[in-house]
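Peer 1: Got a structure here, written out as structure tokens. Questions coming.
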Amino acid sequence: MREIYLDNSATTRVFPEVAELMTRIYTEEYGNPSSLHHKGVEAERELTKAKQTLAGILKCEPGQLYFTSCGTESDNLAILGAAAAHGRRGKHIITTPFEHPAVSECMKYLESQGYEITTLKVDGKGMINPEDVAEAVREDTILVSVMHTNNEIGSVQQVGEIGRLIKEKNRNTLFHVDAVQGFGKAVLHPSRMHIDLLAASGHKIHAPKGIGLLYVGKGVRIRSTIYGGGQQGGMRSGTENVAGIAGMALAADMLYRDLEEERAKLFRMKKSFAEKIASLPDVQLNGPQDEVFGAPNVISLSVKNVRAEVLLHALEDRGIYVSSGSACSSNRPHTSSTLTAIGLPKEYLDSTIRISTSVMNTEEDIDDTVRALQELVPVLRKYTAH
Amino acid sequence: MRYQSFLIKYAEIGIKGKNRNFFEESLVQQMKIALHRCEGKFRVYRFSGRVFVAVDSAHYDFDEVVGALQHVFGIVGICPMQIQDVIPYEELQEKVVQFFGEEYPEQTRKGLTFKVHCRRLAKNYPMDSQEINAALGEALLGAYPETAVDVHEPKVMVHVEIRERIYLYTHTIPGAGGLPVGSGGKAMLLLSGGIDSPVAGWMMARRGLKLDAVYFNAPPYTSERALQKVVDLAATVSAYTGPIYLHNINFTEIQLYIYEKCPHDELTIIMRRYMMRIAEAIARKTECGALITGESLGQVASQTMRSLECTNAVCTLPVFRPLIGNDKEEIIGISKKIGTYDTSILPYEDCCTIFVAKHPVTKPILDVIARHEHNLDEKIDEMVERALETDEVIIVDRDGRKN
């Protein structure tokens with residue numbers, strides 16, 4: 001059976017070139033970049049090269065990049081680090097209702113520590129109005145955190161516009177963007193977008209799990225939350241994950257080299273899916289479908305009267321891997337914050353799957369998936385318990 | 001090393017008359033298997049109607065050994081013993097006083113009552129057991145004046161056994177009780193991912209049964225994770241029972257067919273009847289002498305007396321329902337004790353929870369159910385055959401899946 005992997009927002013397959021480079025570093029250039037001898041210098045060279053590559057992509061200085069163990073750690077470092085450094089100046093933070101737990105759980109923690117959290121409104125397409133952000137910013141607002149690309153419905157916020165309006169209102173307010181889903185699929189120039197802190201992750205862009213990135217703007221102060229040997233300027237102690245960093249840089253380079261072409265390909269697949277699935281009755285696509293406010297690679301599909309988990313396993317039976325929009329179960333209901341936030345009707349909450357493509361997918365994958373859905377959905381609907 | 005040996009107490013095995021030899025041998029076997037995984041060398045042996053574990057290595061992990069023995073059914077108590085050479089009374093008294101002090105450190109001694117119980121099997125020892133009891137009692141009182149002697153209901157029994165060597169023990173650590181696994185034959189457990197069925201299996205294994213298990217899988221309505229959950233539950237239970245052969249049956253086709261053809265408020269009952277039939281077919285093939293379910297009277301609609309009549313009617317093997325008279329809270333208590341609870345509450349669907357009618361019948365009438373089952377006549381026999389052909393045998397031991 002052919003494997004069709006369409007869960008790239010969960011994680012991606014590592015590019016073979018990346019695996020190859022990392023194997024070389026693991027087995028040959030395995031030194032500790034802090035060592036004084038040749039092996040250390042060799043490893044440091046890989047590190048420097050990787051930083052330069054990533055700095056080129058983000059149009060920043062290599063010294064503004066810090067490496068962590070994952071996107072979650074990057075978000076934590078950014079938010080908790082900013083709160084720790086600026087909490088004396090103010091205790092007001094602004095965020096959205098559809099952030100990843102890596103952000104929303106930090107906010108919950110800060111709230112318990114006496115911070116005041118303002119949660120913005122979101123419309124039915126999953127968009128934040130930049131004017132609302134500007135309006136919420138106050139004198140004592142130390143941080144605004146907005147996700148770049150939503151992981152469930154793929155809405156893409158106008159972070160540049162949001163950043164500009166924040167700074168107009170209060171130039172001391174820091175702007176953090178969780179770009180874990182957007183990095184590798186969208187042009188991100190933090191300094192031009194008035195972004196002070198930007199988090200990304202390796203395993204969403206065909207690099208391995210275990211590597212995350214945090215961009216910190218010039219002159220932006222955050223307090224480190226890890227104490228140790230003082231690596232990475234003391235911001236994130238711990239021996240650098242040289243192979244992971246190099247792998248992430250190579251994967252990013254491969255994606256950004258032909259970004260426009262790849263975005264076009266992903267959008268073509270997304271459009272083609274939308275056109276072909278339309279013949280199936282009682283389905284709807286969630287989130288923006290256009291090329292400005294919608295992500296090229298995220299498709300959120302609600303299928304009336306079919307439980308998402310059942311559909312997921314039925315597709316799995318045919319070698320097609322997707323994820324359920326919200327992992328509901330009879331024993332422990334988790335409703336997705338994003339789907340609830342955009343006001344998806346209740347009967348759709350448990351009937352939404354997410355299909356997320358990558359450059360490794362083909363038009364044929366989409367065609368096969370549409371065909372599978374057209375065959376499976378009517379059968380599954382026949383046995384819907386009422 | 002404070003203890004060099006363990007005396008194993010077993011209650012029921014001792015009274016089984018002619019079978020005693022067989023039961024004791026089963027117990028020794030199960031203990032050997034349990035201790036095999038422990039660090040150190042141990043010898044399990046029977047001696048004058050008792051079972052002992054001797055430590056043959058310089059090191060062992062006391063907690064690990066006791067934990068392993070507590071997983072062996074048939075053991076009522078585990079007494080860690082100190083062994084002394086046969087020494088003159090004065091020396092013995094010194095050792096006993098010291099041992100008592102170690103066993104009951106100062107902060108636990110206040111108000112402690114004890115009694116010395118000496119057995120003198122080596123009749124050439126110069127003092128008899130009565131004399132030793134009296135002398136040691138006095139010596140202990142002298143050394144630990146905060147304690148008291150109570151010959152009727154002592155909190156602590158100080159055992160002194162004089163044989164080819166002298167054995168001292170004061171503690172009895174409770175065992176799992178019951179009968180050695182396998183001494184009563186083998187039975188087929190209907191294992192779902194819930195709280196009850198692993199507990200039911202554990203309870204019957206404690207009564208001496210070896211377990212096989214059957215799980216009804218309904219892809220795509222149930223996931224690989226649901227199966228993994230059942231494997232994990234079987235693994236936890238198998239720490240007590242030894243390896244379990246888990247039969248994984250694909251039940252989807254039958255379930256959908258019942259859904260299509262039968263009244264929806266009777267779905268669960270009819271489905272359970274087919275599960276029982278299939279379980280019995282596998283049980284017969286694998287030489288199991290009974291079925292085991294986790295049913296508890298009145299817990300859900302399919303577990304009322306009438307419902308049980310309907311599901312019971314399709315079986316000829318005895319069906320053991322050890323939880324029939326237990327409240328949910330009691331069942332949860334056992335599942336926490338044996339370690340299955342945390343796995344049982346993981347939120348993966350099992351096939352029972354998917355096609356549940358809003359108002360299932362609670363007082364089904366056997367004739368009516370049987371009549372409605374005739375709606376399935378056209379295809380059900382071949383479907384049952386096919387389901388039996390899907391049987392995938394997963395061998396599970398305490399480390400998980402073995403094949």
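Letters A, B, ... go to the chains of the structure tokens in the order shown; residues in each chain start at 1; ligands are counted from 1 in the same order.
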Using DSSP secondary structure from the backbone, list all strand (DSSP E or B) positions within region 223-396 of chain B, as an MDAnalysis selection string.
Peer 2: chainID B and resid 244:250 291:292 319:320 392:396
Peer 1: Generate a file of the selected residues that holds N, CA and C atoms, formatted as a short mmCIF file (atom, residue, chain, number, x, y, z; two decimals), in the first residue's frame.
Peer 2:
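Resulting contents of out36.cif:
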data_model
loop_
_atom_site.label_atom_id
_atom_site.label_comp_id
_atom_site.auth_asym_id
_atom_site.auth_seq_id
_atom_site.Cartn_x
_atom_site.Cartn_y
_atom_site.Cartn_z
N ILE B 244 0.25 -14.03 28.86
CA ILE B 244 -1.14 -14.16 28.47
C ILE B 244 -1.20 -14.21 26.94
N TYR B 245 -1.96 -15.16 26.43
CA TYR B 245 -2.19 -15.20 24.98
C TYR B 245 -3.44 -14.37 24.71
N LEU B 246 -3.23 -13.25 24.03
CA LEU B 246 -4.33 -12.31 23.77
C LEU B 246 -4.82 -12.51 22.34
N HIS B 247 -6.09 -12.89 22.22
CA HIS B 247 -6.65 -13.10 20.89
C HIS B 247 -7.32 -11.81 20.42
N ASN B 248 -6.82 -11.26 19.34
CA ASN B 248 -7.34 -10.00 18.81
C ASN B 248 -8.27 -10.31 17.64
N ILE B 249 -9.57 -10.05 17.84
CA ILE B 249 -10.58 -10.42 16.84
C ILE B 249 -11.15 -9.17 16.18
N ASN B 250 -11.22 -9.17 14.87
CA ASN B 250 -11.84 -8.05 14.15
C ASN B 250 -13.37 -8.23 14.15
N LEU B 291 -15.32 -18.96 30.77
CA LEU B 291 -15.14 -17.57 30.32
C LEU B 291 -15.12 -16.69 31.56
N ILE B 292 -14.42 -15.55 31.46
CA ILE B 292 -14.40 -14.59 32.57
C ILE B 292 -14.80 -13.23 32.01
N VAL B 319 -19.53 -19.22 33.01
CA VAL B 319 -19.03 -17.85 32.87
C VAL B 319 -18.76 -17.31 34.27
N PHE B 320 -17.51 -16.97 34.53
CA PHE B 320 -17.15 -16.43 35.84
C PHE B 320 -17.24 -14.92 35.80
N GLU B 392 -5.80 -12.86 15.76
CA GLU B 392 -4.36 -12.64 15.80
C GLU B 392 -3.93 -12.87 17.25
N VAL B 393 -3.03 -13.83 17.45
CA VAL B 393 -2.63 -14.14 18.83
C VAL B 393 -1.42 -13.30 19.21
N ILE B 394 -1.61 -12.46 20.21
CA ILE B 394 -0.53 -11.61 20.69
C ILE B 394 -0.08 -12.17 22.04
N ILE B 395 1.17 -12.52 22.13
CA ILE B 395 1.68 -13.05 23.40
C ILE B 395 2.19 -11.87 24.23
N VAL B 396 1.63 -11.74 25.43
CA VAL B 396 1.96 -10.58 26.26
C VAL B 396 2.55 -11.05 27.58
#
Peer 1: Excluding Glu364 (chain A) and any residue of its chain fewer than 6 positions from it, enumerate the residues within 10 Å of it, using only C-alpha atoms, and give them as a list in words.
Peer 2: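 My reading of the contact set: Ile4, Met269 and Val370 of chain A.
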Peer 1: Can you write just those residues out, N, CA and C atoms, as an mmCIF file, in the first residue's frame?
Peer 2:
data_model
loop_
_atom_site.group_PDB
_atom_site.id
_atom_site.type_symbol
_atom_site.label_atom_id
_atom_site.label_comp_id
_atom_site.auth_asym_id
_atom_site.auth_seq_id
_atom_site.Cartn_x
_atom_site.Cartn_y
_atom_site.Cartn_z
ATOM 1 N N ILE A 4 0.540 7.744 2.098
ATOM 2 C CA ILE A 4 0.320 9.157 1.786
ATOM 3 C C ILE A 4 0.301 9.919 3.098
ATOM 4 N N MET A 269 -2.337 22.441 -4.818
ATOM 5 C CA MET A 269 -2.896 21.212 -4.244
ATOM 6 C C MET A 269 -4.102 21.543 -3.363
ATOM 7 N N VAL A 370 -8.917 12.544 -1.967
ATOM 8 C CA VAL A 370 -10.286 12.954 -2.295
ATOM 9 C C VAL A 370 -11.108 11.716 -2.652
#
Peer 1: Chain B near chain A within 7 Å: what's each residue's closest atom pair and its distance in Å to one decimal, counting only C-alpha atoms, ordered by chain then ascending residue number, as CSV?
Peer 2:
residue,atom,partner,partner_atom,distance
B:Pro220,CA,A:His313,CA,4.7
B:Tyr221,CA,A:Val310,CA,5.0
B:Ser223,CA,A:His313,CA,6.5
B:Pro347,CA,A:Asn331,CA,5.1
B:Tyr348,CA,A:Ser329,CA,7.0
B:Phe355,CA,A:Ala385,CA,6.1
Peer 1: Give the helix (DSSP H, G or I) residues of region 18-123 of chain B, as assigned by DSSP on the backbone, as a PDB file with C-alpha atoms, in the first residue's frame.
Peer 2:
ATOM      1  CA  LYS B  18      -4.053 -35.220  48.720  1.00  0.00           C
ATOM      2  CA  ASN B  19      -3.625 -32.309  46.353  1.00  0.00           C
ATOM      3  CA  ARG B  20      -1.290 -30.553  48.697  1.00  0.00           C
ATOM      4  CA  ASN B  21       1.800 -31.815  46.940  1.00  0.00           C
ATOM      5  CA  PHE B  22       0.545 -30.601  43.575  1.00  0.00           C
ATOM      6  CA  PHE B  23      -0.404 -27.172  44.910  1.00  0.00           C
ATOM      7  CA  GLU B  24       2.880 -26.711  46.715  1.00  0.00           C
ATOM      8  CA  GLU B  25       4.800 -27.678  43.626  1.00  0.00           C
ATOM      9  CA  SER B  26       2.765 -25.136  41.566  1.00  0.00           C
ATOM     10  CA  LEU B  27       3.560 -22.482  44.148  1.00  0.00           C
ATOM     11  CA  VAL B  28       7.259 -23.259  44.115  1.00  0.00           C
ATOM     12  CA  GLN B  29       7.240 -23.068  40.311  1.00  0.00           C
ATOM     13  CA  GLN B  30       5.505 -19.688  40.273  1.00  0.00           C
ATOM     14  CA  MET B  31       7.891 -18.349  42.905  1.00  0.00           C
ATOM     15  CA  LYS B  32      10.903 -19.483  40.899  1.00  0.00           C
ATOM     16  CA  ILE B  33       9.542 -17.689  37.829  1.00  0.00           C
ATOM     17  CA  ALA B  34       8.913 -14.527  39.841  1.00  0.00           C
ATOM     18  CA  LEU B  35      12.352 -14.538  41.449  1.00  0.00           C
ATOM     19  CA  HIS B  36      14.095 -15.283  38.193  1.00  0.00           C
ATOM     20  CA  PHE B  62      15.003  -6.680  49.539  1.00  0.00           C
ATOM     21  CA  ASP B  63      12.179  -4.529  48.107  1.00  0.00           C
ATOM     22  CA  GLU B  64      12.535  -6.126  44.711  1.00  0.00           C
ATOM     23  CA  VAL B  65      12.316  -9.650  46.134  1.00  0.00           C
ATOM     24  CA  VAL B  66       9.337  -8.867  48.346  1.00  0.00           C
ATOM     25  CA  GLY B  67       7.626  -7.098  45.422  1.00  0.00           C
ATOM     26  CA  ALA B  68       8.174 -10.134  43.201  1.00  0.00           C
ATOM     27  CA  LEU B  69       6.810 -12.509  45.842  1.00  0.00           C
ATOM     28  CA  GLN B  70       3.784 -10.274  46.382  1.00  0.00           C
ATOM     29  CA  TYR B  89      21.560 -19.424  74.830  1.00  0.00           C
ATOM     30  CA  GLU B  90      23.486 -16.360  76.091  1.00  0.00           C
ATOM     31  CA  GLU B  91      24.674 -15.557  72.583  1.00  0.00           C
ATOM     32  CA  LEU B  92      21.241 -16.249  71.164  1.00  0.00           C
ATOM     33  CA  GLN B  93      19.681 -13.859  73.630  1.00  0.00           C
ATOM     34  CA  GLU B  94      22.075 -11.120  72.568  1.00  0.00           C
ATOM     35  CA  LYS B  95      21.213 -11.718  68.895  1.00  0.00           C
ATOM     36  CA  VAL B  96      17.486 -11.705  69.542  1.00  0.00           C
ATOM     37  CA  VAL B  97      17.631  -8.450  71.493  1.00  0.00           C
ATOM     38  CA  GLN B  98      19.664  -6.836  68.733  1.00  0.00           C
ATOM     39  CA  PHE B  99      17.370  -8.189  65.985  1.00  0.00           C
ATOM     40  CA  PHE B 100      14.266  -6.946  67.797  1.00  0.00           C
ATOM     41  CA  GLY B 101      15.863  -3.519  68.123  1.00  0.00           C
ATOM     42  CA  GLU B 102      16.557  -3.396  64.387  1.00  0.00           C
ATOM     43  CA  GLU B 103      13.110  -4.614  63.471  1.00  0.00           C
ATOM     44  CA  GLU B 106      13.022   3.269  69.007  1.00  0.00           C
ATOM     45  CA  GLN B 107      10.248   5.483  67.679  1.00  0.00           C
ATOM     46  CA  THR B 108       8.027   2.441  66.975  1.00  0.00           C
ATOM     47  CA  ARG B 109       8.533   0.691  70.288  1.00  0.00           C
TER      48      ARG B 109
END
Peer 1: Can you tell me which residues surround Tyr26 (chain A) at a distance of at most 10 Å, considering only C-alpha atoms, apart from same-chain residues fewer than 4 positions away, and format the answer as a count of residues only?
Peer 2: 8
Peer 1: Excluding same-chain residues fewer than 5 positions from Gln64 (chain A), what lies within 10 Å of it counting only C-alpha atoms, as a ChimeraX atom specification?
Peer 2: /A:51,55,197,214-220,232
Peer 1: What separation in Å, quoted to one decimal, exists between CA of Asp365 (chain A) and CA of Phe273 (chain A)?
Peer 2: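 So the answer is 10.1 Å.
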Peer 1: Could you work out how far CA of Ser69 (chain A) lies from CA of Gly114 (chain A), giving the answer in Å with one decimal?
Peer 2: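 Atom-to-atom, CA of Gly114 (chain A) and CA of Ser69 (chain A) are spaced 28.2 Å apart.
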Peer 1: Of the candidates A:Leu36, A:Met235, A:Ile205, A:Ile366, which shows the shortest atom-to-atom distance to Ile299 (chain A), using only C-alpha atoms?
Peer 2: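 Going through A:Leu36, A:Met235, A:Ile205, A:Ile366 one by one, the smallest distance to Ile299 (chain A) is for A:Ile366.
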Peer 1: Show which residues sit within 8 Å of Ile166 (chain A), as an NGL selection string. Count only C-alpha atoms, and ignore same-chain residues fewer than 3 positions away.
Peer 2: :A and (133-134 or 137 or 162-163 or 169-171 or 173 or 175)
Peer 1: Take the residues from that selection and put them in a file with N, CA and C atoms, as a JSON list (two decimals), in the first residue's frame.
Peer 2:
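Written output follows (out31.json):
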[["chain", "number", "residue", "atom", "x", "y", "z"],
["A", 133, "VAL", "N", -5.85, 44.79, 18.14],
["A", 133, "VAL", "CA", -4.61, 44.65, 18.89],
["A", 133, "VAL", "C", -4.16, 46.02, 19.36],
["A", 134, "ALA", "N", -4.13, 46.96, 18.41],
["A", 134, "ALA", "CA", -3.67, 48.31, 18.73],
["A", 134, "ALA", "C", -4.51, 48.89, 19.87],
["A", 137, "VAL", "N", -3.56, 47.60, 23.33],
["A", 137, "VAL", "CA", -2.24, 47.94, 23.90],
["A", 137, "VAL", "C", -2.38, 49.14, 24.82],
["A", 162, "ILE", "N", 0.15, 44.13, 12.41],
["A", 162, "ILE", "CA", -0.05, 44.11, 13.86],
["A", 162, "ILE", "C", 1.15, 44.72, 14.57],
["A", 163, "GLY", "N", 2.35, 44.30, 14.13],
["A", 163, "GLY", "CA", 3.57, 44.80, 14.74],
["A", 163, "GLY", "C", 3.68, 46.32, 14.62],
["A", 169, "LYS", "N", 1.58, 52.51, 19.02],
["A", 169, "LYS", "CA", 0.87, 52.80, 20.26],
["A", 169, "LYS", "C", 1.82, 52.82, 21.47],
["A", 170, "ASN", "N", 2.72, 51.84, 21.51],
["A", 170, "ASN", "CA", 3.64, 51.76, 22.66],
["A", 170, "ASN", "C", 4.93, 51.09, 22.20],
["A", 171, "ARG", "N", 5.96, 51.90, 22.02],
["A", 171, "ARG", "CA", 7.19, 51.35, 21.43],
["A", 171, "ARG", "C", 7.92, 50.43, 22.40],
["A", 173, "THR", "N", 6.36, 48.00, 24.05],
["A", 173, "THR", "CA", 5.68, 46.70, 24.08],
["A", 173, "THR", "C", 6.41, 45.73, 23.15],
["A", 175, "PHE", "N", 6.78, 42.32, 20.86],
["A", 175, "PHE", "CA", 5.88, 41.56, 20.01],
["A", 175, "PHE", "C", 6.48, 40.18, 19.76]]
Peer 1: Just the number, please: distance in Å from CA of Ile83 (chain B) to CA of Leu179 (chain B), one decimal.
Peer 2: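 Atom-to-atom, CA of Ile83 (chain B) and CA of Leu179 (chain B) are spaced 28.4 Å apart.
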Peer 1: As a PDB file with C-alpha atoms, in the first residue's frame, please: the residues near region 8-16 of chain A (cut-off 7 Å, only C-alpha atoms, same-chain neighbours under 2 positions excluded).
Peer 2:
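Final file, part-v3.pdb:
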ATOM      1  CA  LEU A   6      -0.740  14.377   5.070  1.00  0.00           C
ATOM      2  CA  VAL A  18      19.380  16.674   6.077  1.00  0.00           C
ATOM      3  CA  ALA A  19      19.694  13.166   7.509  1.00  0.00           C
ATOM      4  CA  GLU A  20      22.872  12.692   5.529  1.00  0.00           C
ATOM      5  CA  ASN A 151      -1.993  24.967  13.290  1.00  0.00           C
ATOM      6  CA  GLN A 181       3.732  26.578  11.513  1.00  0.00           C
ATOM      7  CA  HIS A 203      10.648  19.122  12.817  1.00  0.00           C
ATOM      8  CA  LYS A 204       7.905  21.053  11.036  1.00  0.00           C
ATOM      9  CA  ILE A 205      10.293  21.837   8.166  1.00  0.00           C
ATOM     10  CA  HIS A 206      11.801  18.433   7.381  1.00  0.00           C
ATOM     11  CA  ALA A 207      14.551  18.680   9.989  1.00  0.00           C
ATOM     12  CA  PRO A 208      14.430  16.359  12.998  1.00  0.00           C
ATOM     13  CA  SER A 356      -1.568  19.243   6.040  1.00  0.00           C
ATOM     14  CA  THR A 357       0.641  18.940   3.002  1.00  0.00           C
ATOM     15  CA  SER A 358       4.323  19.540   2.413  1.00  0.00           C
TER      16      SER A 358
END
Peer 1: Near Ala122 (chain B), counting only C-alpha atoms, which residues have an atom at most 12 Å away, once you skip same-chain residues fewer than 3 positions from it, shown as a PDB file with N, CA and C atoms, in the first residue's frame?
Peer 2:
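Output contents, as saved in result.pdb:
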ATOM      1  N   VAL B  86      23.623 -22.529  65.289  1.00  0.00           N
ATOM      2  CA  VAL B  86      23.139 -22.949  66.611  1.00  0.00           C
ATOM      3  C   VAL B  86      24.181 -22.504  67.630  1.00  0.00           C
ATOM      4  N   CYS B 118       8.797 -19.736  70.598  1.00  0.00           N
ATOM      5  CA  CYS B 118       9.945 -20.553  70.232  1.00  0.00           C
ATOM      6  C   CYS B 118       9.494 -21.945  69.802  1.00  0.00           C
ATOM      7  N   ARG B 119      10.106 -22.442  68.711  1.00  0.00           N
ATOM      8  CA  ARG B 119       9.875 -23.853  68.338  1.00  0.00           C
ATOM      9  C   ARG B 119      11.244 -24.531  68.369  1.00  0.00           C
ATOM     10  N   TYR B 125      18.876 -29.152  71.930  1.00  0.00           N
ATOM     11  CA  TYR B 125      19.221 -27.822  72.445  1.00  0.00           C
ATOM     12  C   TYR B 125      18.965 -27.807  73.948  1.00  0.00           C
ATOM     13  N   PRO B 126      19.905 -27.292  74.741  1.00  0.00           N
ATOM     14  CA  PRO B 126      19.837 -27.474  76.198  1.00  0.00           C
ATOM     15  C   PRO B 126      18.596 -26.914  76.876  1.00  0.00           C
ATOM     16  N   MET B 127      17.975 -25.856  76.349  1.00  0.00           N
ATOM     17  CA  MET B 127      16.772 -25.347  77.002  1.00  0.00           C
ATOM     18  C   MET B 127      15.557 -25.753  76.184  1.00  0.00           C
ATOM     19  N   ASP B 128      14.398 -25.941  76.818  1.00  0.00           N
ATOM     20  CA  ASP B 128      13.218 -26.254  76.006  1.00  0.00           C
ATOM     21  C   ASP B 128      12.498 -24.952  75.646  1.00  0.00           C
ATOM     22  N   SER B 129      11.466 -25.073  74.802  1.00  0.00           N
ATOM     23  CA  SER B 129      10.878 -23.870  74.227  1.00  0.00           C
ATOM     24  C   SER B 129      10.215 -22.982  75.281  1.00  0.00           C
ATOM     25  N   GLU B 161      13.038 -20.198  65.812  1.00  0.00           N
ATOM     26  CA  GLU B 161      12.944 -21.617  65.454  1.00  0.00           C
ATOM     27  C   GLU B 161      14.332 -22.236  65.495  1.00  0.00           C
ATOM     28  N   ILE B 162      14.457 -23.241  66.329  1.00  0.00           N
ATOM     29  CA  ILE B 162      15.761 -23.876  66.479  1.00  0.00           C
ATOM     30  C   ILE B 162      15.732 -25.206  65.743  1.00  0.00           C
ATOM     31  N   ARG B 163      16.436 -25.222  64.615  1.00  0.00           N
ATOM     32  CA  ARG B 163      16.512 -26.471  63.843  1.00  0.00           C
ATOM     33  C   ARG B 163      17.986 -26.761  63.616  1.00  0.00           C
ATOM     34  N   GLU B 164      18.365 -27.084  62.385  1.00  0.00           N
ATOM     35  CA  GLU B 164      19.797 -27.287  62.126  1.00  0.00           C
ATOM     36  C   GLU B 164      20.537 -25.951  62.259  1.00  0.00           C
ATOM     37  N   ARG B 165      19.765 -24.868  62.121  1.00  0.00           N
ATOM     38  CA  ARG B 165      20.270 -23.527  62.427  1.00  0.00           C
ATOM     39  C   ARG B 165      19.136 -22.830  63.174  1.00  0.00           C
ATOM     40  N   ILE B 166      19.379 -21.581  63.560  1.00  0.00           N
ATOM     41  CA  ILE B 166      18.332 -20.867  64.296  1.00  0.00           C
ATOM     42  C   ILE B 166      17.758 -19.760  63.408  1.00  0.00           C
TER      43      ILE B 166
END
Peer 1: Looking at only C-alpha atoms, which of B:Cys38, B:Met188, B:Met157, B:Leu141 is the one that sits closest to Cys79 (chain B)?
Peer 2: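 For Cys79 (chain B), the nearest of the candidates is B:Met157.
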